[in-house]
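Student: My file is input.pdb. It has PDB, C-alpha atoms:
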ATOM      1  CA  MET A   1     -12.500  -9.388  21.110
ATOM      2  CA  THR A   2     -12.772  -6.169  19.098
ATOM      3  CA  GLY A   3      -9.153  -6.464  17.955
ATOM      4  CA  LEU A   4      -9.777 -10.012  16.757
ATOM      5  CA  ARG A   5     -12.872  -8.929  14.778
ATOM      6  CA  THR A   6     -10.935  -6.044  13.217
ATOM      7  CA  LYS A   7      -8.083  -8.363  12.273
ATOM      8  CA  THR A   8     -10.527 -10.877  10.756
ATOM      9  CA  ARG A   9     -12.308  -8.127   8.773
ATOM     10  CA  SER A  10      -8.923  -6.830   7.579
ATOM     11  CA  LYS A  11      -7.870 -10.272   6.375
ATOM     12  CA  MET A  12     -11.216 -10.731   4.596
ATOM     13  CA  LEU A  13     -10.779  -7.383   2.802
ATOM     14  CA  ILE A  14      -7.244  -8.269   1.792
ATOM     15  CA  GLY A  15      -8.402 -11.677   0.588
ATOM     16  CA  SER A  16     -11.042 -10.086  -1.640
ATOM     17  CA  VAL A  17      -8.480  -7.624  -3.047
ATOM     18  CA  LEU A  18      -6.086 -10.481  -3.820
ATOM     19  CA  LEU A  19      -8.868 -12.449  -5.488
ATOM     20  CA  ALA A  20      -9.761  -9.452  -7.653
ATOM     21  CA  LEU A  21      -6.099  -8.987  -8.572
ATOM     22  CA  SER A  22      -5.668 -12.626  -9.525
ATOM     23  CA  MET A  23      -8.840 -12.564 -11.624
ATOM     24  CA  SER A  24      -7.757  -9.407 -13.452
ATOM     25  CA  SER A  25      -4.343 -10.867 -14.197
ATOM     26  CA  THR A  26      -5.761 -14.074 -15.662
ATOM     27  CA  GLY A  27      -9.041 -12.795 -17.067
ATOM     28  CA  VAL A  28     -10.076 -10.870 -20.137
ATOM     29  CA  ARG A  29      -7.608  -8.029 -19.652
ATOM     30  CA  ALA A  30      -4.512 -10.200 -19.956
ATOM     31  CA  ALA A  31      -3.765 -11.136 -23.556
ATOM     32  CA  PRO A  32      -2.439 -14.636 -24.201
ATOM     33  CA  GLU A  33       1.225 -15.065 -25.053
ATOM     34  CA  ASP A  34       0.359 -16.005 -28.639
ATOM     35  CA  ALA A  35      -1.911 -12.982 -29.246
ATOM     36  CA  ALA A  36      -1.612 -11.776 -32.821
ATOM     37  CA  ASP A  37      -1.304  -8.141 -31.812
ATOM     38  CA  PRO A  38       2.073  -7.497 -30.124
ATOM     39  CA  ILE A  39       0.697  -4.410 -28.373
ATOM     40  CA  LEU A  40      -2.139  -6.415 -26.793
ATOM     41  CA  ARG A  41       0.343  -9.098 -25.769
ATOM     42  CA  PHE A  42       2.620  -6.474 -24.183
ATOM     43  CA  LEU A  43      -0.279  -4.818 -22.323
ATOM     44  CA  GLY A  44      -1.486  -8.185 -21.074
ATOM     45  CA  GLN A  45       1.982  -8.987 -19.735
ATOM     46  CA  GLN A  46       2.195  -5.590 -18.009
ATOM     47  CA  THR A  47      -1.245  -6.040 -16.389
ATOM     48  CA  GLN A  48      -0.258  -9.455 -15.089
ATOM     49  CA  LYS A  49       3.106  -8.156 -13.855
ATOM     50  CA  ALA A  50       1.467  -5.205 -12.058
ATOM     51  CA  SER A  51      -1.105  -7.474 -10.445
ATOM     52  CA  GLU A  52       1.589  -9.888  -9.274
ATOM     53  CA  THR A  53       3.617  -7.014  -7.784
ATOM     54  CA  ALA A  54       0.559  -5.648  -5.969
ATOM     55  CA  SER A  55      -0.310  -9.133  -4.704
ATOM     56  CA  ASP A  56       3.236  -9.591  -3.395
ATOM     57  CA  LEU A  57       3.091  -6.223  -1.620
ATOM     58  CA  ILE A  58      -0.275  -6.880  -0.032
ATOM     59  CA  MET A  59       0.580 -10.419   1.025
ATOM     60  CA  SER A  60       3.780  -9.160   2.622
ATOM     61  CA  ALA A  61       1.965  -6.291   4.362
ATOM     62  CA  MET A  62      -0.743  -8.627   5.667
ATOM     63  CA  ASN A  63       1.886 -10.534   7.640
ATOM     64  CA  PHE A  64       2.365  -7.459   9.837
ATOM     65  CA  LEU A  65      -1.234  -6.843  10.888
ATOM     66  CA  GLY A  66      -1.185  -6.355  14.647
ATOM     67  CA  VAL A  67       2.511  -5.432  14.939
ATOM     68  CA  ARG A  68       2.799  -2.597  17.425
ATOM     69  CA  TYR A  69       3.657   0.963  16.465
ATOM     70  CA  ARG A  70       7.036   2.268  17.516
ATOM     71  CA  PHE A  71       8.370   5.697  16.569
ATOM     72  CA  GLY A  72      11.433   5.111  14.396
ATOM     73  CA  GLY A  73      10.624   1.397  14.229
ATOM     74  CA  THR A  74      11.709  -0.568  11.173
ATOM     75  CA  SER A  75      11.093  -4.216  11.992
ATOM     76  CA  GLU A  76       8.456  -6.671  13.128
ATOM     77  CA  GLU A  77      10.478  -7.417  16.257
ATOM     78  CA  THR A  78      10.809  -3.815  17.442
ATOM     79  CA  GLY A  79       7.645  -2.406  15.867
ATOM     80  CA  PHE A  80       7.048  -0.060  12.945
ATOM     81  CA  ASP A  81       6.307   3.560  12.398
ATOM     82  CA  CYS A  82       4.448   4.386   9.181
ATOM     83  CA  SER A  83       7.436   4.847   6.880
ATOM     84  CA  GLY A  84       9.381   2.022   8.521
ATOM     85  CA  PHE A  85       6.429  -0.242   7.708
ATOM     86  CA  THR A  86       6.166   0.774   4.036
ATOM     87  CA  ARG A  87       9.926   0.653   3.589
ATOM     88  CA  HIS A  88      10.106  -2.845   5.091
ATOM     89  CA  VAL A  89       7.207  -4.172   2.993
ATOM     90  CA  PHE A  90       8.496  -2.748  -0.296
ATOM     91  CA  GLU A  91      12.059  -3.920   0.301
ATOM     92  CA  ASN A  92      11.097  -7.434   1.321
ATOM     93  CA  SER A  93       8.325  -8.025  -1.213
ATOM     94  CA  VAL A  94       9.516  -6.336  -4.417
ATOM     95  CA  GLY A  95      13.116  -5.432  -3.614
ATOM     96  CA  LEU A  96      12.631  -1.651  -3.755
ATOM     97  CA  LEU A  97      14.432   0.244  -0.988
ATOM     98  CA  LEU A  98      12.389   3.328  -0.171
ATOM     99  CA  PRO A  99      13.824   6.315   1.714
ATOM    100  CA  ARG A 100      13.331   6.288   5.481
ATOM    101  CA  ARG A 101      10.883   9.181   6.009
ATOM    102  CA  ALA A 102       7.345   9.479   4.590
ATOM    103  CA  SER A 103       8.079  12.867   2.981
ATOM    104  CA  GLU A 104      11.193  11.410   1.326
ATOM    105  CA  GLN A 105       9.180   8.424   0.057
ATOM    106  CA  ALA A 106       6.705  10.845  -1.549
ATOM    107  CA  GLU A 107       9.557  12.483  -3.464
ATOM    108  CA  ALA A 108      11.550   9.330  -4.281
ATOM    109  CA  ALA A 109      12.831   8.806  -7.794
ATOM    110  CA  GLY A 110      11.223   5.866  -9.538
ATOM    111  CA  LEU A 111       7.743   6.529  -8.164
ATOM    112  CA  LEU A 112       4.897   7.849 -10.280
ATOM    113  CA  THR A 113       2.372  10.369  -8.931
ATOM    114  CA  VAL A 114      -1.131   8.863  -8.991
ATOM    115  CA  ARG A 115      -4.495  10.654  -8.865
ATOM    116  CA  LYS A 116      -6.871   9.508  -6.135
ATOM    117  CA  GLU A 117      -9.399   8.213  -8.645
ATOM    118  CA  ASP A 118      -6.661   6.083 -10.259
ATOM    119  CA  LEU A 119      -5.458   4.337  -7.087
ATOM    120  CA  LYS A 120      -4.585   0.654  -7.391
ATOM    121  CA  PRO A 121      -3.674  -1.905  -4.731
ATOM    122  CA  GLY A 122      -0.021  -1.583  -3.768
ATOM    123  CA  ASP A 123       0.159   2.211  -4.228
ATOM    124  CA  LEU A 124       1.608   4.334  -1.436
ATOM    125  CA  VAL A 125      -0.937   6.793  -0.007
ATOM    126  CA  PHE A 126       0.152   9.913   1.863
ATOM    127  CA  PHE A 127      -1.524  12.080   4.468
ATOM    128  CA  ASN A 128      -0.880  15.302   6.405
ATOM    129  CA  THR A 129      -1.125  14.214  10.040
ATOM    130  CA  MET A 130       1.459  16.534  11.581
ATOM    131  CA  ARG A 131       0.598  19.891   9.986
ATOM    132  CA  ARG A 132       2.971  19.203   7.116
ATOM    133  CA  ALA A 133       2.444  17.512   3.780
ATOM    134  CA  PHE A 134       3.382  13.858   3.381
ATOM    135  CA  SER A 135       3.905  13.258   7.110
ATOM    136  CA  HIS A 136       2.132   9.867   7.089
ATOM    137  CA  VAL A 137       2.167   6.954   4.617
ATOM    138  CA  GLY A 138       0.365   3.666   4.113
ATOM    139  CA  ILE A 139      -0.246   1.020   1.434
ATOM    140  CA  TYR A 140      -3.465   1.181  -0.582
ATOM    141  CA  LEU A 141      -5.399  -2.106  -0.610
ATOM    142  CA  GLY A 142      -8.353  -1.254  -2.821
ATOM    143  CA  ASP A 143     -11.974  -0.363  -2.085
ATOM    144  CA  ASN A 144     -10.761   2.880  -0.401
ATOM    145  CA  HIS A 145      -8.879   0.988   2.337
ATOM    146  CA  PHE A 146      -5.229   1.191   3.287
ATOM    147  CA  MET A 147      -2.872  -0.503   5.721
ATOM    148  CA  HIS A 148      -0.545   1.498   7.945
ATOM    149  CA  ALA A 149       1.188   1.842  11.286
ATOM    150  CA  PRO A 150      -0.922   4.670  12.739
ATOM    151  CA  ARG A 151       0.458   5.999  16.030
ATOM    152  CA  THR A 152       1.905   5.270  19.468
ATOM    153  CA  GLY A 153      -0.269   2.796  21.348
ATOM    154  CA  ALA A 154      -1.742   1.317  18.163
ATOM    155  CA  GLU A 155      -0.880  -1.565  15.835
ATOM    156  CA  VAL A 156      -0.496  -2.004  12.090
ATOM    157  CA  ARG A 157      -4.061  -2.087  10.792
ATOM    158  CA  VAL A 158      -6.437  -1.515   7.906
ATOM    159  CA  GLU A 159      -8.563   1.636   7.785
ATOM    160  CA  SER A 160     -11.007   3.241   5.410
ATOM    161  CA  MET A 161      -9.872   6.328   3.545
ATOM    162  CA  ASP A 162     -13.550   7.376   3.551
ATOM    163  CA  SER A 163     -13.472   8.337   7.237
ATOM    164  CA  SER A 164     -13.576  12.106   7.678
ATOM    165  CA  TYR A 165     -10.181  12.073   9.430
ATOM    166  CA  TRP A 166      -8.374  10.575   6.421
ATOM    167  CA  VAL A 167     -10.429  12.431   3.789
ATOM    168  CA  GLN A 168      -9.360  15.778   5.299
ATOM    169  CA  ARG A 169      -5.696  14.776   5.455
ATOM    170  CA  TYR A 170      -5.134  12.983   2.129
ATOM    171  CA  ASN A 171      -2.100  14.407   0.257
ATOM    172  CA  GLY A 172      -1.587  12.103  -2.703
ATOM    173  CA  ALA A 173      -0.311   8.753  -3.869
ATOM    174  CA  ARG A 174       2.693   7.192  -5.590
ATOM    175  CA  ARG A 175       3.154   3.980  -7.570
ATOM    176  CA  ILE A 176       6.305   2.036  -8.375
ATOM    177  CA  LEU A 177       7.212   2.144 -12.041
ATOM    178  CA  ASP A 178       7.547  -1.048 -14.076
ATOM    179  CA  GLY A 179      10.976  -2.573 -13.739
ATOM    180  CA  ASN A 180      11.394  -1.569 -10.067
TER     181      ASN A 180
END
Kindly transcribe the structure held in the file into structure tokens.

Tutor:
Amino acid sequence: MTGLRTKTRSKMLIGSVLLALSMSSTGVRAAPEDAADPILRFLGQQTQKASETASDLIMSAMNFLGVRYRFGGTSEETGFDCSGFTRHVFENSVGLLLPRRASEQAEAAGLLTVRKEDLKPGDLVFFNTMRRAFSHVGIYLGDNHFMHAPRTGAEVRVESMDSSYWVQRYNGARRILDGN
């Protein structure tokens, strides 16, 4: 029963993130196509594009809640490890093929370093879980939550980055650049 409640809470969180993304992409921030100021029009298009990309990533990731962890795993059928999960989600939702290992994903060309206070849904978040930087990766959902494939014996799930375990191990974040 606990697993079912966790899965339901995770889906509710993701639903609220998606709602916020859709509102921001159609609300005040997004300038109409016929806006007089070309800069405002461009910024509005970029905001909408970023929100759509994040929505695609999160919707894709949500499909894998509950998939078992498997070291070296790269698919829903066999299970995922953390970097196999992020690689699969990014490739299948936005067409970006990330490197295989978490540390390689952190250093990948085409990704922008993001400060923790600037995190947005769809960003990759990295942690030191094996006494080395960037040894674990997940996908930021918003509201200080992320989705990841945590460890052997566990399943893909949503966790709070506010827990002391993750706060102590946070290494940084990366975001895909426009056009990727």

Student: Taking into account all atoms listed in the file, which residue in the set A:Ala154, A:Ala102, A:Ala108, A:Ala149 is nearest to Arg132 (chain A)?

Tutor: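 So, comparing all the options, the nearest one is A:Ala102.
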
Student: Just checking: using only C-alpha atoms, which residue out of A:Met130, A:Ile58, A:Val67, A:Ala106 ends up closest to His145 (chain A)?

Tutor: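 Residue with the minimum atom-to-atom distance to His145 (chain A): A:Ile58.
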
Student: How would you write, as a compact mmCIF listing (two decimals) with C-alpha atoms, keeping the file's coordinate frame, the residues chosen by the PyMOL selection byres ((chain A and resi 109-118) around 10) on this structure?

Tutor:
# COMPACT_ATOMS: atom_id res chain seq x y z
CA LEU A 96 12.63 -1.65 -3.76
CA LEU A 98 12.39 3.33 -0.17
CA PRO A 99 13.82 6.32 1.71
CA GLU A 104 11.19 11.41 1.33
CA GLN A 105 9.18 8.42 0.06
CA ALA A 106 6.70 10.84 -1.55
CA GLU A 107 9.56 12.48 -3.46
CA ALA A 108 11.55 9.33 -4.28
CA LEU A 119 -5.46 4.34 -7.09
CA LYS A 120 -4.58 0.65 -7.39
CA ASP A 123 0.16 2.21 -4.23
CA LEU A 124 1.61 4.33 -1.44
CA VAL A 125 -0.94 6.79 -0.01
CA ASN A 144 -10.76 2.88 -0.40
CA TYR A 170 -5.13 12.98 2.13
CA ASN A 171 -2.10 14.41 0.26
CA GLY A 172 -1.59 12.10 -2.70
CA ALA A 173 -0.31 8.75 -3.87
CA ARG A 174 2.69 7.19 -5.59
CA ARG A 175 3.15 3.98 -7.57
CA ILE A 176 6.30 2.04 -8.38
CA LEU A 177 7.21 2.14 -12.04
CA ASP A 178 7.55 -1.05 -14.08
CA GLY A 179 10.98 -2.57 -13.74
CA ASN A 180 11.39 -1.57 -10.07

Student: Provide the CA of Arg70 (chain A) to CA of Asp143 (chain A) distance in Å, to one decimal place.

Tutor: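 That distance, rounded to one decimal, is 27.4 Å.
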
Student: Can you list, as JSON, numbers by chain, every protein, DNA or RNA residue that comes within 9 Å of Ser135 (chain A) when you count all atoms listed in the file, leaving out same-chain residues fewer than 5 positions away?

Tutor: {"A": [101, 102, 103, 126, 127, 128, 129, 130]}

Student: Just to confirm, what's the straight-line distance from CA of Thr152 (chain A) to CA of Asp81 (chain A) in Å (one decimal)?

Tutor: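 Here the two named atoms are 8.5 Å from each other.
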
Student: Enclose the full set of atoms of region 122-126 of chain A listed in the file within a box whose edges lie along x, y and z, apply 3 Å of padding to each of the six sides, and report centre and edge lengths in Å to one decimal as JSON.

Tutor:
{"center_x": 0.3, "center_y": 4.2, "center_z": -1.2, "size_x": 8.5, "size_y": 17.5, "size_z": 12.1}

Student: Decode the PyMOL selection byres ((chain A and resi 69) around 10) for the given file into explicit residues and return them as number ranges by chain.

Tutor: A: 66-68, 70-74, 76, 78-82, 84-85, 148-156

Student: Here is a test: counting all atoms listed in the file, which residue of A:Met161, A:Met59, A:Ala133, A:Met147 is nearest to Thr86 (chain A)?

Tutor: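 Using all atoms listed in the file, the shortest distance to Thr86 (chain A) belongs to A:Met147.
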